[in-house]
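Inspection log for the structure reproduced underneath, given as structure tokens.
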Amino acid sequence: MLHPWTRLNWMSDEVGYGVVATRFIPKGTIIWALDPLDQVFTSDEVKKFGPQLWPTLERYSYVNGQGLRVLCWDHGRFMNHSCDPVSLSPGVDFELTVRDLQPGDEITCDYSSLNLEQDLECLCRSPHCRGKISKSQFAKLAPLWDRQLREAVQVVNQVEQPLLPWVKERALLERWASHPDELPSAYGHMTRKRDAVTRSAKNGVPSA
């Protein structure tokens, strides 16, 4: 579930839709959390969908650290990539804003953390743009993400949190706020299951 102070917005013909803030959203806000309406599929379930649905599923879903494919039910699936992302996730199923957002600011994440099946050309135009988005960048970027997340989690109890009921680890948030070094690492999202993220040349869907 994406934060309620957001909306879908047409960004450009090149990028398509994106998600923007409708109100001021401070650093340390839980901007997204996995909820019961989000769909989670095993690689075997994905294969049953067949090649017709695969392009849509690949575009709008991601693979988590357990090798499961997650399809968000709301406009969270339209969140765009940035090499300087606003939203980052520790090794659990929620994301935090790592800087303040003003109304109209785009809410972005880093697709390198989503276990991509293939490299993508980057269109973010950030001063820190890497030019290419790749799963291979995950391990190098995770320490940077962790530093940003530890700074953000320290204020998590000082800002309004509409998504807190959907955070499974909410009992730990208070401790993480005062002991940020105990926050799980973003590296935990890197899948170790190759079968969930390899493509079958025969049928065009992930193969086991």
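Residues in the structure tokens are numbered from 1 in each chain, the chains being A, B, ... in the order shown, and ligands are numbered from 1 in the order shown.
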For Leu149 in chain A: contacts at 9 Å, only C-alpha atoms, fewer than 6 positions along chain excluded, given as a ChimeraX atom specification: /A:28,88-90,96-98,180,183,185-186
Could you take the residues named above and write them with N, CA and C atoms, as a PDB file, in the first residue's frame?
```pdb
ATOM      1  N   GLY A  28      11.716   9.985   6.809  1.00  0.00           N
ATOM      2  CA  GLY A  28      11.393   9.013   7.848  1.00  0.00           C
ATOM      3  C   GLY A  28       9.966   8.507   7.792  1.00  0.00           C
ATOM      4  N   LEU A  88      13.470   4.137  -0.024  1.00  0.00           N
ATOM      5  CA  LEU A  88      14.357   2.982   0.092  1.00  0.00           C
ATOM      6  C   LEU A  88      13.775   2.001   1.107  1.00  0.00           C
ATOM      7  N   SER A  89      14.174   0.751   0.958  1.00  0.00           N
ATOM      8  CA  SER A  89      13.660  -0.281   1.856  1.00  0.00           C
ATOM      9  C   SER A  89      14.793  -0.998   2.568  1.00  0.00           C
ATOM     10  N   PRO A  90      14.695  -1.144   3.894  1.00  0.00           N
ATOM     11  CA  PRO A  90      15.622  -2.034   4.588  1.00  0.00           C
ATOM     12  C   PRO A  90      15.240  -3.475   4.251  1.00  0.00           C
ATOM     13  N   LEU A  96      10.973   3.583   3.371  1.00  0.00           N
ATOM     14  CA  LEU A  96      11.026   4.858   4.079  1.00  0.00           C
ATOM     15  C   LEU A  96      11.464   5.966   3.123  1.00  0.00           C
ATOM     16  N   THR A  97      10.944   7.170   3.335  1.00  0.00           N
ATOM     17  CA  THR A  97      11.477   8.317   2.630  1.00  0.00           C
ATOM     18  C   THR A  97      12.804   8.701   3.277  1.00  0.00           C
ATOM     19  N   VAL A  98      13.799   8.932   2.457  1.00  0.00           N
ATOM     20  CA  VAL A  98      15.127   9.264   2.992  1.00  0.00           C
ATOM     21  C   VAL A  98      15.422  10.764   2.882  1.00  0.00           C
ATOM     22  N   PRO A 180      19.676   2.542  15.355  1.00  0.00           N
ATOM     23  CA  PRO A 180      19.585   2.413  13.900  1.00  0.00           C
ATOM     24  C   PRO A 180      20.538   1.379  13.306  1.00  0.00           C
ATOM     25  N   LEU A 183      18.902  -1.871  12.307  1.00  0.00           N
ATOM     26  CA  LEU A 183      17.963  -1.932  11.192  1.00  0.00           C
ATOM     27  C   LEU A 183      18.465  -2.956  10.176  1.00  0.00           C
ATOM     28  N   SER A 185      19.568  -4.780   6.833  1.00  0.00           N
ATOM     29  CA  SER A 185      20.218  -4.210   5.657  1.00  0.00           C
ATOM     30  C   SER A 185      19.368  -4.382   4.404  1.00  0.00           C
ATOM     31  N   ALA A 186      19.424  -3.384   3.525  1.00  0.00           N
ATOM     32  CA  ALA A 186      18.764  -3.484   2.221  1.00  0.00           C
ATOM     33  C   ALA A 186      19.265  -4.692   1.449  1.00  0.00           C
TER      34      ALA A 186
END
```
So that I can see what lies close to Pro26 in chain A, please list as an NGL selection string the residues with an atom at most 8 Å from it, counting only C-alpha atoms and leaving out residues fewer than 6 positions away in the same chain.
:A and (97 or 99-101 or 159)
The residue from A:Leu68, A:Tyr111, A:Gly16, A:Thr22 with the smallest atom-to-atom distance to Gln39 in chain A, counting only C-alpha atoms, is A:Leu68
Original post:
In range 72-170 of chain A, what's strand (DSSP E) per DSSP? Answer as a PyMOL selection string?
Top reply: chain A and resi 80-81+87-88+94-97+108-109+120-121+132-133
Those same residues, written as a compact mmCIF listing (two decimals), in the first residue's frame with N, CA and C atoms?
```txt
# COMPACT_ATOMS: atom_id res chain seq x y z
N ASN A 80 8.48 5.17 -10.36
CA ASN A 80 9.61 5.14 -11.29
C ASN A 80 10.95 5.03 -10.58
N HIS A 81 11.95 4.69 -11.38
CA HIS A 81 13.33 4.58 -10.89
C HIS A 81 14.02 5.94 -10.83
N SER A 87 12.67 6.91 -1.99
CA SER A 87 12.15 5.81 -1.19
C SER A 87 13.12 4.63 -1.22
N LEU A 88 13.47 4.14 -0.02
CA LEU A 88 14.36 2.98 0.09
C LEU A 88 13.78 2.00 1.11
N PHE A 94 8.75 -2.85 3.92
CA PHE A 94 8.25 -1.48 3.88
C PHE A 94 9.37 -0.58 3.37
N GLU A 95 9.00 0.63 2.95
CA GLU A 95 9.97 1.59 2.45
C GLU A 95 9.84 2.90 3.21
N LEU A 96 10.97 3.58 3.37
CA LEU A 96 11.03 4.86 4.08
C LEU A 96 11.46 5.97 3.12
N THR A 97 10.94 7.17 3.34
CA THR A 97 11.48 8.32 2.63
C THR A 97 12.80 8.70 3.28
N THR A 108 10.27 8.16 -5.96
CA THR A 108 11.03 7.20 -6.75
C THR A 108 11.73 6.19 -5.87
N CYS A 109 12.04 5.04 -6.47
CA CYS A 109 12.84 4.02 -5.80
C CYS A 109 14.01 3.68 -6.73
N LEU A 120 18.44 -2.25 -17.68
CA LEU A 120 17.58 -1.23 -18.29
C LEU A 120 18.37 0.05 -18.52
N GLU A 121 18.01 0.75 -19.57
CA GLU A 121 18.57 2.08 -19.78
C GLU A 121 17.93 3.03 -18.78
N LYS A 132 22.76 3.08 -16.56
CA LYS A 132 22.21 1.73 -16.70
C LYS A 132 21.71 1.28 -15.34
N ILE A 133 20.60 0.57 -15.34
CA ILE A 133 20.04 0.01 -14.10
C ILE A 133 20.25 -1.49 -14.16
```
TODO: Point out the residue among A:Pro165, A:Pro85, A:Gly104, A:Gly67 with the least atom-to-atom distance to Leu34 in chain A, counting only C-alpha atoms.
DONE: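 For Leu34 in chain A, the nearest of the given residues is A:Pro165.
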If you count only C-alpha atoms, which residues fall within 7 Å of range 56-60 of chain A, apart from same-chain ones fewer than 3 positions away, as a list in words? Leu53, Leu71 and Arg77 of chain A
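In this model, the gap between CA of Ser112 in chain A and CA of Asp146 in chain A comes to 14.2 Å.
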### Task
Give me every alpha helix (DSSP H) residue in chain A, going by DSSP on the backbone, as number ranges by chain.
A: 43-49, 54-60, 138-153, 170-178
Those same residues, written as a CSV table (one decimal), in the first residue's frame with C-alpha atoms?
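Wrote it out as again19.csv, contents follow:
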```
chain,number,residue,atom,x,y,z
A,43,SER,CA,7.9,-18.9,-9.9
A,44,ASP,CA,5.7,-21.9,-10.6
A,45,GLU,CA,2.6,-19.7,-10.4
A,46,VAL,CA,4.1,-17.2,-12.7
A,47,LYS,CA,4.8,-19.9,-15.3
A,48,LYS,CA,1.2,-20.9,-15.3
A,49,PHE,CA,0.2,-17.4,-16.5
A,54,TRP,CA,4.5,-12.1,-18.7
A,55,PRO,CA,5.4,-8.7,-20.3
A,56,THR,CA,2.8,-7.0,-18.1
A,57,LEU,CA,3.9,-8.9,-15.0
A,58,GLU,CA,7.6,-8.2,-15.6
A,59,ARG,CA,6.9,-4.5,-16.0
A,60,TYR,CA,4.7,-3.9,-13.0
A,138,PHE,CA,22.8,-4.1,-5.8
A,139,ALA,CA,25.8,-5.2,-3.6
A,140,LYS,CA,27.8,-2.0,-4.3
A,141,LEU,CA,24.8,0.3,-3.6
A,142,ALA,CA,23.4,-1.5,-0.5
A,143,PRO,CA,25.9,0.1,2.0
A,144,LEU,CA,24.9,3.6,0.7
A,145,TRP,CA,21.2,2.7,1.0
A,146,ASP,CA,21.8,1.4,4.5
A,147,ARG,CA,23.4,4.7,5.6
A,148,GLN,CA,20.5,6.7,4.3
A,149,LEU,CA,18.0,4.3,5.9
A,150,ARG,CA,19.7,4.5,9.3
A,151,GLU,CA,19.4,8.3,9.2
A,152,ALA,CA,15.8,8.1,8.2
A,153,VAL,CA,14.7,5.5,10.8
A,170,ARG,CA,6.1,-2.1,13.8
A,171,ALA,CA,6.9,-3.4,17.3
A,172,LEU,CA,10.6,-3.1,16.3
A,173,LEU,CA,10.4,0.4,14.9
A,174,GLU,CA,10.8,2.1,18.2
A,175,ARG,CA,14.0,0.2,18.9
A,176,TRP,CA,15.4,0.7,15.4
A,177,ALA,CA,14.7,4.5,15.9
A,178,SER,CA,17.0,4.5,18.9
```
Using only C-alpha atoms, the best pick from A:Phe41, A:Tyr187, A:Trp166, A:Phe78 as closest to Asn9 in chain A would be A:Phe78
